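Asker: My structure is stored as entry.pdb, with PDB, C-alpha atoms, pLDDT in the B column.
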MODEL        1
ATOM      1  CA  MET A   1      66.457  55.632 280.183  1.00 51.00           C
ATOM      2  CA  ASP A   2      67.103  57.232 276.816  1.00 63.00           C
ATOM      3  CA  THR A   3      64.849  59.944 275.388  1.00 74.00           C
ATOM      4  CA  CYS A   4      64.133  57.829 272.314  1.00 75.00           C
ATOM      5  CA  ALA A   5      62.666  55.002 274.389  1.00 74.00           C
ATOM      6  CA  CYS A   6      60.559  57.468 276.396  1.00 80.00           C
ATOM      7  CA  ALA A   7      59.271  59.032 273.186  1.00 82.00           C
ATOM      8  CA  LEU A   8      58.323  55.600 271.819  1.00 85.00           C
ATOM      9  CA  GLU A   9      56.451  54.822 275.029  1.00 86.00           C
ATOM     10  CA  LEU A  10      54.493  58.062 274.982  1.00 88.00           C
ATOM     11  CA  LEU A  11      53.738  57.789 271.264  1.00 90.00           C
ATOM     12  CA  GLY A  12      52.643  54.175 271.725  1.00 90.00           C
ATOM     13  CA  MET A  13      50.265  55.073 274.575  1.00 91.00           C
ATOM     14  CA  LEU A  14      48.763  58.009 272.664  1.00 93.00           C
ATOM     15  CA  VAL A  15      48.169  55.827 269.606  1.00 94.00           C
ATOM     16  CA  TYR A  16      46.863  53.072 271.902  1.00 94.00           C
ATOM     17  CA  ILE A  17      44.235  55.309 273.513  1.00 94.00           C
ATOM     18  CA  GLY A  18      43.174  56.864 270.209  1.00 94.00           C
ATOM     19  CA  SER A  19      42.869  53.521 268.430  1.00 94.00           C
ATOM     20  CA  TRP A  20      40.912  52.004 271.333  1.00 95.00           C
ATOM     21  CA  LEU A  21      38.441  54.883 271.151  1.00 96.00           C
ATOM     22  CA  CYS A  22      38.238  54.276 267.408  1.00 95.00           C
ATOM     23  CA  ALA A  23      37.392  50.613 268.045  1.00 95.00           C
ATOM     24  CA  LEU A  24      34.766  51.683 270.594  1.00 95.00           C
ATOM     25  CA  ALA A  25      33.182  54.004 268.029  1.00 94.00           C
ATOM     26  CA  THR A  26      33.175  51.163 265.506  1.00 94.00           C
ATOM     27  CA  THR A  27      31.306  48.941 267.939  1.00 93.00           C
ATOM     28  CA  ILE A  28      28.669  51.579 268.689  1.00 93.00           C
ATOM     29  CA  LEU A  29      28.112  53.057 265.220  1.00 91.00           C
ATOM     30  CA  PRO A  30      25.236  51.611 263.175  1.00 89.00           C
ATOM     31  CA  GLN A  31      26.919  52.314 259.822  1.00 89.00           C
ATOM     32  CA  TRP A  32      28.533  48.907 259.331  1.00 92.00           C
ATOM     33  CA  LEU A  33      26.628  48.320 256.105  1.00 90.00           C
ATOM     34  CA  THR A  34      24.555  50.796 254.096  1.00 88.00           C
ATOM     35  CA  MET A  35      21.956  50.302 251.398  1.00 83.00           C
ATOM     36  CA  SER A  36      20.073  52.741 249.176  1.00 73.00           C
ATOM     37  CA  THR A  37      17.294  51.798 246.795  1.00 68.00           C
ATOM     38  CA  ALA A  38      16.348  53.289 243.434  1.00 60.00           C
ATOM     39  CA  LEU A  39      12.649  53.044 244.328  1.00 60.00           C
ATOM     40  CA  LEU A  40      13.110  55.281 247.383  1.00 61.00           C
ATOM     41  CA  PRO A  41      16.072  57.559 246.600  1.00 65.00           C
ATOM     42  CA  VAL A  42      15.284  59.824 249.552  1.00 70.00           C
ATOM     43  CA  GLU A  43      15.888  57.022 252.070  1.00 78.00           C
ATOM     44  CA  SER A  44      18.820  54.785 252.863  1.00 82.00           C
ATOM     45  CA  TYR A  45      19.245  51.947 255.341  1.00 86.00           C
ATOM     46  CA  GLU A  46      22.063  51.265 257.753  1.00 88.00           C
ATOM     47  CA  LEU A  47      22.926  48.047 259.529  1.00 89.00           C
ATOM     48  CA  GLY A  48      24.927  47.927 262.778  1.00 88.00           C
ATOM     49  CA  LEU A  49      25.762  45.455 265.500  1.00 90.00           C
ATOM     50  CA  TRP A  50      23.077  46.702 267.859  1.00 90.00           C
ATOM     51  CA  GLU A  51      20.436  48.418 265.707  1.00 89.00           C
ATOM     52  CA  THR A  52      19.228  49.213 262.208  1.00 88.00           C
ATOM     53  CA  CYS A  53      18.496  52.738 261.010  1.00 88.00           C
ATOM     54  CA  VAL A  54      16.563  54.481 258.259  1.00 86.00           C
ATOM     55  CA  VAL A  55      18.144  57.757 257.103  1.00 83.00           C
ATOM     56  CA  GLN A  56      16.267  60.356 255.096  1.00 79.00           C
ATOM     57  CA  ASP A  57      17.789  63.013 252.872  1.00 73.00           C
ATOM     58  CA  VAL A  58      16.055  65.779 254.797  1.00 71.00           C
ATOM     59  CA  GLY A  59      18.187  64.913 257.831  1.00 69.00           C
ATOM     60  CA  GLY A  60      15.903  62.625 259.805  1.00 77.00           C
ATOM     61  CA  MET A  61      17.135  59.311 261.142  1.00 80.00           C
ATOM     62  CA  GLU A  62      15.161  56.611 262.918  1.00 84.00           C
ATOM     63  CA  CYS A  63      16.881  53.638 264.560  1.00 85.00           C
ATOM     64  CA  ARG A  64      15.477  50.466 266.055  1.00 87.00           C
ATOM     65  CA  ALA A  65      17.326  47.987 268.239  1.00 86.00           C
ATOM     66  CA  TYR A  66      17.158  44.290 267.506  1.00 85.00           C
ATOM     67  CA  ASP A  67      14.235  42.609 269.197  1.00 80.00           C
ATOM     68  CA  SER A  68      16.003  39.477 270.421  1.00 77.00           C
ATOM     69  CA  LEU A  69      19.538  38.182 270.693  1.00 75.00           C
ATOM     70  CA  LEU A  70      18.432  34.711 269.639  1.00 74.00           C
ATOM     71  CA  GLY A  71      16.963  36.089 266.431  1.00 74.00           C
ATOM     72  CA  LEU A  72      20.270  37.561 265.242  1.00 81.00           C
ATOM     73  CA  SER A  73      22.273  35.968 262.488  1.00 84.00           C
ATOM     74  CA  SER A  74      25.457  34.111 263.384  1.00 87.00           C
ATOM     75  CA  ASP A  75      27.512  36.771 261.584  1.00 89.00           C
ATOM     76  CA  LEU A  76      26.257  39.571 263.820  1.00 90.00           C
ATOM     77  CA  LYS A  77      26.667  37.443 266.947  1.00 90.00           C
ATOM     78  CA  LEU A  78      30.269  36.674 266.026  1.00 91.00           C
ATOM     79  CA  ALA A  79      31.003  40.319 265.234  1.00 92.00           C
ATOM     80  CA  ARG A  80      29.531  41.408 268.562  1.00 92.00           C
ATOM     81  CA  MET A  81      31.569  38.925 270.564  1.00 93.00           C
ATOM     82  CA  LEU A  82      34.843  39.710 268.805  1.00 95.00           C
ATOM     83  CA  MET A  83      34.423  43.486 269.058  1.00 95.00           C
ATOM     84  CA  CYS A  84      33.563  43.264 272.763  1.00 95.00           C
ATOM     85  CA  ALA A  85      36.566  40.978 273.271  1.00 96.00           C
ATOM     86  CA  SER A  86      38.763  43.462 271.406  1.00 95.00           C
ATOM     87  CA  LEU A  87      37.629  46.316 273.656  1.00 96.00           C
ATOM     88  CA  ALA A  88      38.146  44.240 276.813  1.00 96.00           C
ATOM     89  CA  VAL A  89      41.623  43.068 275.805  1.00 96.00           C
ATOM     90  CA  GLY A  90      42.571  46.591 274.741  1.00 94.00           C
ATOM     91  CA  MET A  91      41.444  48.077 278.051  1.00 95.00           C
ATOM     92  CA  LEU A  92      43.348  45.397 279.952  1.00 95.00           C
ATOM     93  CA  GLY A  93      46.447  46.137 277.879  1.00 93.00           C
ATOM     94  CA  MET A  94      46.254  49.850 278.696  1.00 92.00           C
ATOM     95  CA  LEU A  95      45.806  49.162 282.420  1.00 92.00           C
ATOM     96  CA  VAL A  96      48.844  46.865 282.355  1.00 91.00           C
ATOM     97  CA  ALA A  97      51.040  49.140 280.235  1.00 89.00           C
ATOM     98  CA  ILE A  98      50.461  52.403 282.137  1.00 87.00           C
ATOM     99  CA  PRO A  99      52.276  51.301 285.354  1.00 85.00           C
ATOM    100  CA  GLY A 100      55.143  50.087 283.162  1.00 80.00           C
ATOM    101  CA  LEU A 101      55.814  53.481 281.616  1.00 80.00           C
ATOM    102  CA  TYR A 102      59.113  55.031 282.626  1.00 76.00           C
ATOM    103  CA  LEU A 103      57.495  58.381 283.442  1.00 71.00           C
ATOM    104  CA  VAL A 104      54.998  56.738 285.823  1.00 71.00           C
ATOM    105  CA  ASN A 105      56.469  56.408 289.307  1.00 67.00           C
ATOM    106  CA  SER A 106      55.250  52.907 290.166  1.00 57.00           C
ATOM    107  CA  CYS A 107      56.517  49.325 290.442  1.00 53.00           C
ATOM    108  CA  ARG A 108      60.086  50.524 291.007  1.00 55.00           C
ATOM    109  CA  GLU A 109      60.354  48.939 294.417  1.00 56.00           C
ATOM    110  CA  HIS A 110      59.232  45.492 293.194  1.00 50.00           C
ATOM    111  CA  GLY A 111      62.014  44.427 290.856  1.00 54.00           C
ATOM    112  CA  GLY A 112      62.881  47.830 289.445  1.00 61.00           C
ATOM    113  CA  TYR A 113      62.996  48.540 285.753  1.00 70.00           C
ATOM    114  CA  ARG A 114      62.781  44.873 284.802  1.00 79.00           C
ATOM    115  CA  THR A 115      59.226  44.710 286.178  1.00 80.00           C
ATOM    116  CA  LYS A 116      58.262  47.928 284.383  1.00 79.00           C
ATOM    117  CA  ARG A 117      59.723  46.627 281.133  1.00 83.00           C
ATOM    118  CA  THR A 118      57.777  43.370 281.497  1.00 86.00           C
ATOM    119  CA  LEU A 119      54.517  45.252 282.073  1.00 87.00           C
ATOM    120  CA  THR A 120      55.133  47.399 279.004  1.00 88.00           C
ATOM    121  CA  ILE A 121      55.790  44.337 276.830  1.00 90.00           C
ATOM    122  CA  ILE A 122      52.651  42.575 278.104  1.00 92.00           C
ATOM    123  CA  GLY A 123      50.594  45.705 277.425  1.00 92.00           C
ATOM    124  CA  GLY A 124      52.005  45.923 273.899  1.00 92.00           C
ATOM    125  CA  VAL A 125      51.227  42.276 273.167  1.00 94.00           C
ATOM    126  CA  LEU A 126      47.664  42.719 274.457  1.00 95.00           C
ATOM    127  CA  GLY A 127      47.332  45.789 272.224  1.00 94.00           C
ATOM    128  CA  MET A 128      48.352  43.802 269.148  1.00 95.00           C
ATOM    129  CA  LEU A 129      45.912  41.034 270.111  1.00 96.00           C
ATOM    130  CA  SER A 130      43.152  43.616 270.508  1.00 95.00           C
ATOM    131  CA  GLY A 131      43.908  44.944 267.033  1.00 95.00           C
ATOM    132  CA  VAL A 132      43.666  41.487 265.499  1.00 96.00           C
ATOM    133  CA  LEU A 133      40.356  40.842 267.280  1.00 95.00           C
ATOM    134  CA  CYS A 134      39.054  44.150 265.875  1.00 95.00           C
ATOM    135  CA  LEU A 135      40.165  43.465 262.307  1.00 95.00           C
ATOM    136  CA  ILE A 136      38.588  39.987 262.111  1.00 95.00           C
ATOM    137  CA  PRO A 137      34.876  40.971 262.389  1.00 94.00           C
ATOM    138  CA  VAL A 138      35.318  44.137 260.323  1.00 95.00           C
ATOM    139  CA  SER A 139      37.046  42.284 257.498  1.00 94.00           C
ATOM    140  CA  TYR A 140      34.571  39.398 257.714  1.00 93.00           C
ATOM    141  CA  MET A 141      31.543  41.675 257.378  1.00 92.00           C
ATOM    142  CA  ALA A 142      33.211  43.455 254.457  1.00 92.00           C
ATOM    143  CA  HIS A 143      33.911  40.066 252.860  1.00 92.00           C
ATOM    144  CA  LEU A 144      30.247  39.062 253.165  1.00 90.00           C
ATOM    145  CA  ALA A 145      29.170  42.375 251.642  1.00 89.00           C
ATOM    146  CA  VAL A 146      31.475  41.863 248.655  1.00 89.00           C
ATOM    147  CA  ILE A 147      30.237  38.297 248.103  1.00 88.00           C
ATOM    148  CA  HIS A 148      26.579  39.339 248.177  1.00 81.00           C
ATOM    149  CA  PHE A 149      27.224  42.415 246.032  1.00 80.00           C
ATOM    150  CA  PHE A 150      28.768  40.401 243.201  1.00 79.00           C
ATOM    151  CA  ASP A 151      26.373  37.462 243.456  1.00 73.00           C
ATOM    152  CA  ASP A 152      25.165  36.664 239.946  1.00 71.00           C
ATOM    153  CA  LYS A 153      22.072  34.885 241.267  1.00 75.00           C
ATOM    154  CA  VAL A 154      20.651  38.152 242.586  1.00 66.00           C
ATOM    155  CA  PRO A 155      19.016  40.422 239.945  1.00 65.00           C
ATOM    156  CA  ASP A 156      20.626  43.794 239.336  1.00 66.00           C
ATOM    157  CA  VAL A 157      17.485  45.660 240.385  1.00 64.00           C
ATOM    158  CA  VAL A 158      17.672  44.233 243.917  1.00 67.00           C
ATOM    159  CA  PRO A 159      19.407  46.648 246.328  1.00 72.00           C
ATOM    160  CA  ARG A 160      22.579  45.397 247.991  1.00 78.00           C
ATOM    161  CA  TRP A 161      24.558  46.235 251.080  1.00 79.00           C
ATOM    162  CA  GLU A 162      27.710  48.303 250.714  1.00 85.00           C
ATOM    163  CA  PHE A 163      30.536  49.356 253.030  1.00 88.00           C
ATOM    164  CA  GLY A 164      29.615  51.766 255.803  1.00 88.00           C
ATOM    165  CA  ASP A 165      31.728  54.301 257.654  1.00 89.00           C
ATOM    166  CA  ALA A 166      32.079  52.006 260.676  1.00 92.00           C
ATOM    167  CA  LEU A 167      34.057  49.470 258.646  1.00 93.00           C
ATOM    168  CA  PHE A 168      36.682  52.038 257.687  1.00 94.00           C
ATOM    169  CA  CYS A 169      36.807  53.243 261.280  1.00 94.00           C
ATOM    170  CA  GLY A 170      37.299  49.645 262.420  1.00 94.00           C
ATOM    171  CA  TRP A 171      40.123  49.033 259.957  1.00 95.00           C
ATOM    172  CA  ALA A 172      41.878  52.179 261.140  1.00 95.00           C
ATOM    173  CA  GLY A 173      41.397  51.255 264.804  1.00 94.00           C
ATOM    174  CA  GLY A 174      42.624  47.693 264.337  1.00 95.00           C
ATOM    175  CA  PHE A 175      45.779  48.652 262.453  1.00 96.00           C
ATOM    176  CA  LEU A 176      46.561  51.444 264.908  1.00 95.00           C
ATOM    177  CA  LEU A 177      46.160  49.076 267.853  1.00 95.00           C
ATOM    178  CA  ILE A 178      48.756  46.786 266.292  1.00 95.00           C
ATOM    179  CA  VAL A 179      51.046  49.766 265.652  1.00 95.00           C
ATOM    180  CA  ALA A 180      50.636  50.922 269.260  1.00 93.00           C
ATOM    181  CA  GLY A 181      51.544  47.470 270.553  1.00 93.00           C
ATOM    182  CA  LEU A 182      54.636  47.361 268.345  1.00 93.00           C
ATOM    183  CA  LEU A 183      55.711  50.793 269.604  1.00 91.00           C
ATOM    184  CA  LEU A 184      55.429  49.711 273.235  1.00 90.00           C
ATOM    185  CA  VAL A 185      57.365  46.504 272.653  1.00 89.00           C
ATOM    186  CA  SER A 186      60.010  48.385 270.661  1.00 87.00           C
ATOM    187  CA  SER A 187      60.447  50.931 273.458  1.00 83.00           C
ATOM    188  CA  SER A 188      61.034  48.114 275.952  1.00 79.00           C
ATOM    189  CA  VAL A 189      63.578  46.439 273.667  1.00 76.00           C
ATOM    190  CA  CYS A 190      65.395  49.755 273.145  1.00 73.00           C
ATOM    191  CA  ALA A 191      65.473  50.386 276.896  1.00 62.00           C
ATOM    192  CA  GLN A 192      66.884  46.899 277.511  1.00 58.00           C
ATOM    193  CA  VAL A 193      69.621  47.374 274.920  1.00 50.00           C
ATOM    194  CA  GLU A 194      70.543  50.769 276.355  1.00 47.00           C
ATOM    195  CA  ASN A 195      70.593  49.594 279.959  1.00 50.00           C
ATOM    196  CA  THR A 196      72.789  46.547 279.267  1.00 45.00           C
ATOM    197  CA  PRO A 197      76.042  48.500 278.649  1.00 46.00           C
ATOM    198  CA  ALA A 198      75.354  50.626 281.731  1.00 43.00           C
ATOM    199  CA  LEU A 199      74.953  47.514 283.882  1.00 40.00           C
ATOM    200  CA  GLN A 200      78.129  46.030 282.445  1.00 45.00           C
ATOM    201  CA  ARG A 201      80.071  49.187 283.251  1.00 47.00           C
ATOM    202  CA  ARG A 202      78.621  49.166 286.758  1.00 46.00           C
ATOM    203  CA  HIS A 203      79.729  45.569 287.350  1.00 44.00           C
ATOM    204  CA  GLN A 204      83.194  46.391 286.000  1.00 49.00           C
ATOM    205  CA  LEU A 205      83.524  49.358 288.346  1.00 47.00           C
ATOM    206  CA  MET A 206      82.350  47.255 291.276  1.00 49.00           C
ATOM    207  CA  GLY A 207      84.890  44.555 290.419  1.00 48.00           C
ATOM    208  CA  THR A 208      87.659  47.124 290.153  1.00 48.00           C
ATOM    209  CA  ASP A 209      86.672  48.611 293.502  1.00 46.00           C
ATOM    210  CA  VAL A 210      86.721  45.194 295.179  1.00 40.00           C
ATOM    211  CA  SER A 211      90.137  44.302 293.763  1.00 48.00           C
ATOM    212  CA  PHE A 212      91.511  47.692 294.869  1.00 39.00           C
ATOM    213  CA  ARG A 213      90.239  47.093 298.393  1.00 50.00           C
ATOM    214  CA  LYS A 214      91.844  43.663 298.516  1.00 46.00           C
ATOM    215  CA  ARG A 215      95.162  45.091 297.430  1.00 48.00           C
ATOM    216  CA  SER A 216      94.918  47.810 300.062  1.00 48.00           C
ATOM    217  CA  GLU A 217      94.292  45.225 302.769  1.00 48.00           C
ATOM    218  CA  TYR A 218      97.320  43.197 301.763  1.00 46.00           C
ATOM    219  CA  VAL A 219      99.502  46.290 301.869  1.00 45.00           C
TER     220      VAL A 219
ENDMDL
END
Would you give me this structure, written as structure tokens?

Answerer:
Amino acid sequence: MDTCACALELLGMLVYIGSWLCALATTILPQWLTMSTALLPVESYELGLWETCVVQDVGGMECRAYDSLLGLSSDLKLARMLMCASLAVGMLGMLVAIPGLYLVNSCREHGGYRTKRTLTIIGGVLGMLSGVLCLIPVSYMAHLAVIHFFDDKVPDVVPRWEFGDALFCGWAGGFLLIVAGLLLVSSSVCAQVENTPALQRRHQLMGTDVSFRKRSEYV
């Protein structure tokens, strides 16, 4: 296997792991949406998937988990499900792609490099799917924040939710998951293109050897 394909595999796995951890941080962080009021400038509020927090300028922070799952809004329920699905699909993709790496000595006795290439492609596709599942809830929550922020029916004095750090972390994680999946698929395609001429040369040499043996027998 060529060094370029190996480098793409390693780069894809490193980006994969880093972006999955980024998506995990997005799911856990409470800073999905933030709000500060003019009446209480020393305090700000943060909204997450699992809890809400009150942050004070002096450095204190108090968080409270949601009391009931049934009492959550449909937006938070959808965001929870999609982020958990993104993490599950991403973890499955990593577990599938690792045995398919060229530097990992596994699956070579069950179909050889074709099996490893198939595992790498499946892992890359699952990585791209995980990235899409991560981008959907993050972008949807940002869309709702923009709609409510520019709502003319709400007076200007009423505080409004704005983008939190978790949204930017989620966008980065989702895009990097897609990039990691593309790198893994590209490495498999490059390996297939590079191995095809080698196989053709091998078949030609085998055919030449067989014809030479037949001629020797006739003589």

Asker: Between A:Leu95, A:Gly174, A:Pro30, A:Arg160, single out the one closest to A:Tyr66, counting all atoms listed in the file.

Answerer: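 Among the listed residues, the smallest separation from A:Tyr66 belongs to A:Pro30.
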
Asker: Name the residues that the PyMOL selection byres ((chain A and resi 97) around 9) pulls out of this structure, and write them as an MDAnalysis selection string.

Answerer: chainID A and resid 13 92:96 98:101 116 118:124 184

Asker: For A:Gln56, please output as a VMD selection string all residues within 8 Å (counting all atoms listed in the file; exclusion window: fewer than 2 positions along the same chain).

Answerer: chain A and resid 42 to 44 54 58 to 61

Asker: With only C-alpha atoms as the basis for distance, which of A:Leu24, A:Met83, A:Val15, A:Cys169 is at the shortest distance from A:Gly127?

Answerer: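 Between A:Leu24, A:Met83, A:Val15, A:Cys169, the residue approaching A:Gly127 most closely is A:Val15.
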
Asker: For A:Leu29, which of A:Gly90, A:Gly181, A:Gly164, A:Gly48 is the closest residue, counting all atoms listed in the file?

Answerer: A:Gly48

Asker: Would you please work out which residue, of A:Ala25, A:Leu144, A:Ala5, A:Leu14, is nearest to A:Leu87 when using only C-alpha atoms?

Answerer: A:Ala25

Asker: One number please: atom CA of A:Leu176 to atom CA of A:Ala85, in Å, one decimal.

Answerer: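 It comes out at 16.7 Å.
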
Asker: Grab the atom CA of A:Thr3 to atom CA of A:Ser130 distance for me, in Å with one decimal place.

Answerer: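 We find that atom CA of A:Thr3 and atom CA of A:Ser130 lie 27.6 Å from each other.
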
Asker: Mind working out the centre and edge lengths of an axis-aligned box for stretch 135-148 of chain A, all listed atoms inside, 3 Å added to each side, rounded to one decimal in Å and written as AutoDock Vina command-line options?

Answerer:
--center_x 33.4 --center_y 41.2 --center_z 255.2 --size_x 19.6 --size_y 11.8 --size_z 20.3

Asker: What is the atom CA of A:Gly173-atom CA of A:Leu126 distance in Å, reported with one decimal?

Answerer: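 Distance reported for this atom pair: 14.3 Å.
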
Asker: When you count all atoms listed in the file, which of these residues is closest to A:Val89: A:Leu47, A:Met141, A:Val125, A:Leu167?

Answerer: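 Residue with the minimum atom-to-atom distance to A:Val89: A:Val125.
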
Asker: For A:Ser139, work out the shell of residues within 12 Å, counting all atoms listed in the file and skipping chain neighbours fewer than 6 positions away, then give it as a ChimeraX atom specification.

Answerer: /A:32,75,79,82-83,132-133,145-146,163,166-172,174-175

Asker: Just say which residues the PyMOL selection byres ((chain A and resi 186) around 12) picks in this file, as a PDB file with C-alpha atoms, in the coordinates of the input.

Answerer:
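Dumped to part_21.pdb:
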ATOM      1  CA  CYS A   4      64.133  57.829 272.314  1.00 75.00           C
ATOM      2  CA  ALA A   5      62.666  55.002 274.389  1.00 74.00           C
ATOM      3  CA  CYS A   6      60.559  57.468 276.396  1.00 80.00           C
ATOM      4  CA  ALA A   7      59.271  59.032 273.186  1.00 82.00           C
ATOM      5  CA  LEU A   8      58.323  55.600 271.819  1.00 85.00           C
ATOM      6  CA  GLU A   9      56.451  54.822 275.029  1.00 86.00           C
ATOM      7  CA  LEU A  10      54.493  58.062 274.982  1.00 88.00           C
ATOM      8  CA  LEU A  11      53.738  57.789 271.264  1.00 90.00           C
ATOM      9  CA  GLY A  12      52.643  54.175 271.725  1.00 90.00           C
ATOM     10  CA  ARG A 117      59.723  46.627 281.133  1.00 83.00           C
ATOM     11  CA  THR A 120      55.133  47.399 279.004  1.00 88.00           C
ATOM     12  CA  ILE A 121      55.790  44.337 276.830  1.00 90.00           C
ATOM     13  CA  ILE A 122      52.651  42.575 278.104  1.00 92.00           C
ATOM     14  CA  GLY A 123      50.594  45.705 277.425  1.00 92.00           C
ATOM     15  CA  GLY A 124      52.005  45.923 273.899  1.00 92.00           C
ATOM     16  CA  VAL A 125      51.227  42.276 273.167  1.00 94.00           C
ATOM     17  CA  VAL A 179      51.046  49.766 265.652  1.00 95.00           C
ATOM     18  CA  ALA A 180      50.636  50.922 269.260  1.00 93.00           C
ATOM     19  CA  GLY A 181      51.544  47.470 270.553  1.00 93.00           C
ATOM     20  CA  LEU A 182      54.636  47.361 268.345  1.00 93.00           C
ATOM     21  CA  LEU A 183      55.711  50.793 269.604  1.00 91.00           C
ATOM     22  CA  LEU A 184      55.429  49.711 273.235  1.00 90.00           C
ATOM     23  CA  VAL A 185      57.365  46.504 272.653  1.00 89.00           C
ATOM     24  CA  SER A 187      60.447  50.931 273.458  1.00 83.00           C
ATOM     25  CA  SER A 188      61.034  48.114 275.952  1.00 79.00           C
ATOM     26  CA  VAL A 189      63.578  46.439 273.667  1.00 76.00           C
ATOM     27  CA  CYS A 190      65.395  49.755 273.145  1.00 73.00           C
ATOM     28  CA  ALA A 191      65.473  50.386 276.896  1.00 62.00           C
ATOM     29  CA  GLN A 192      66.884  46.899 277.511  1.00 58.00           C
ATOM     30  CA  VAL A 193      69.621  47.374 274.920  1.00 50.00           C
TER      31      VAL A 193
END
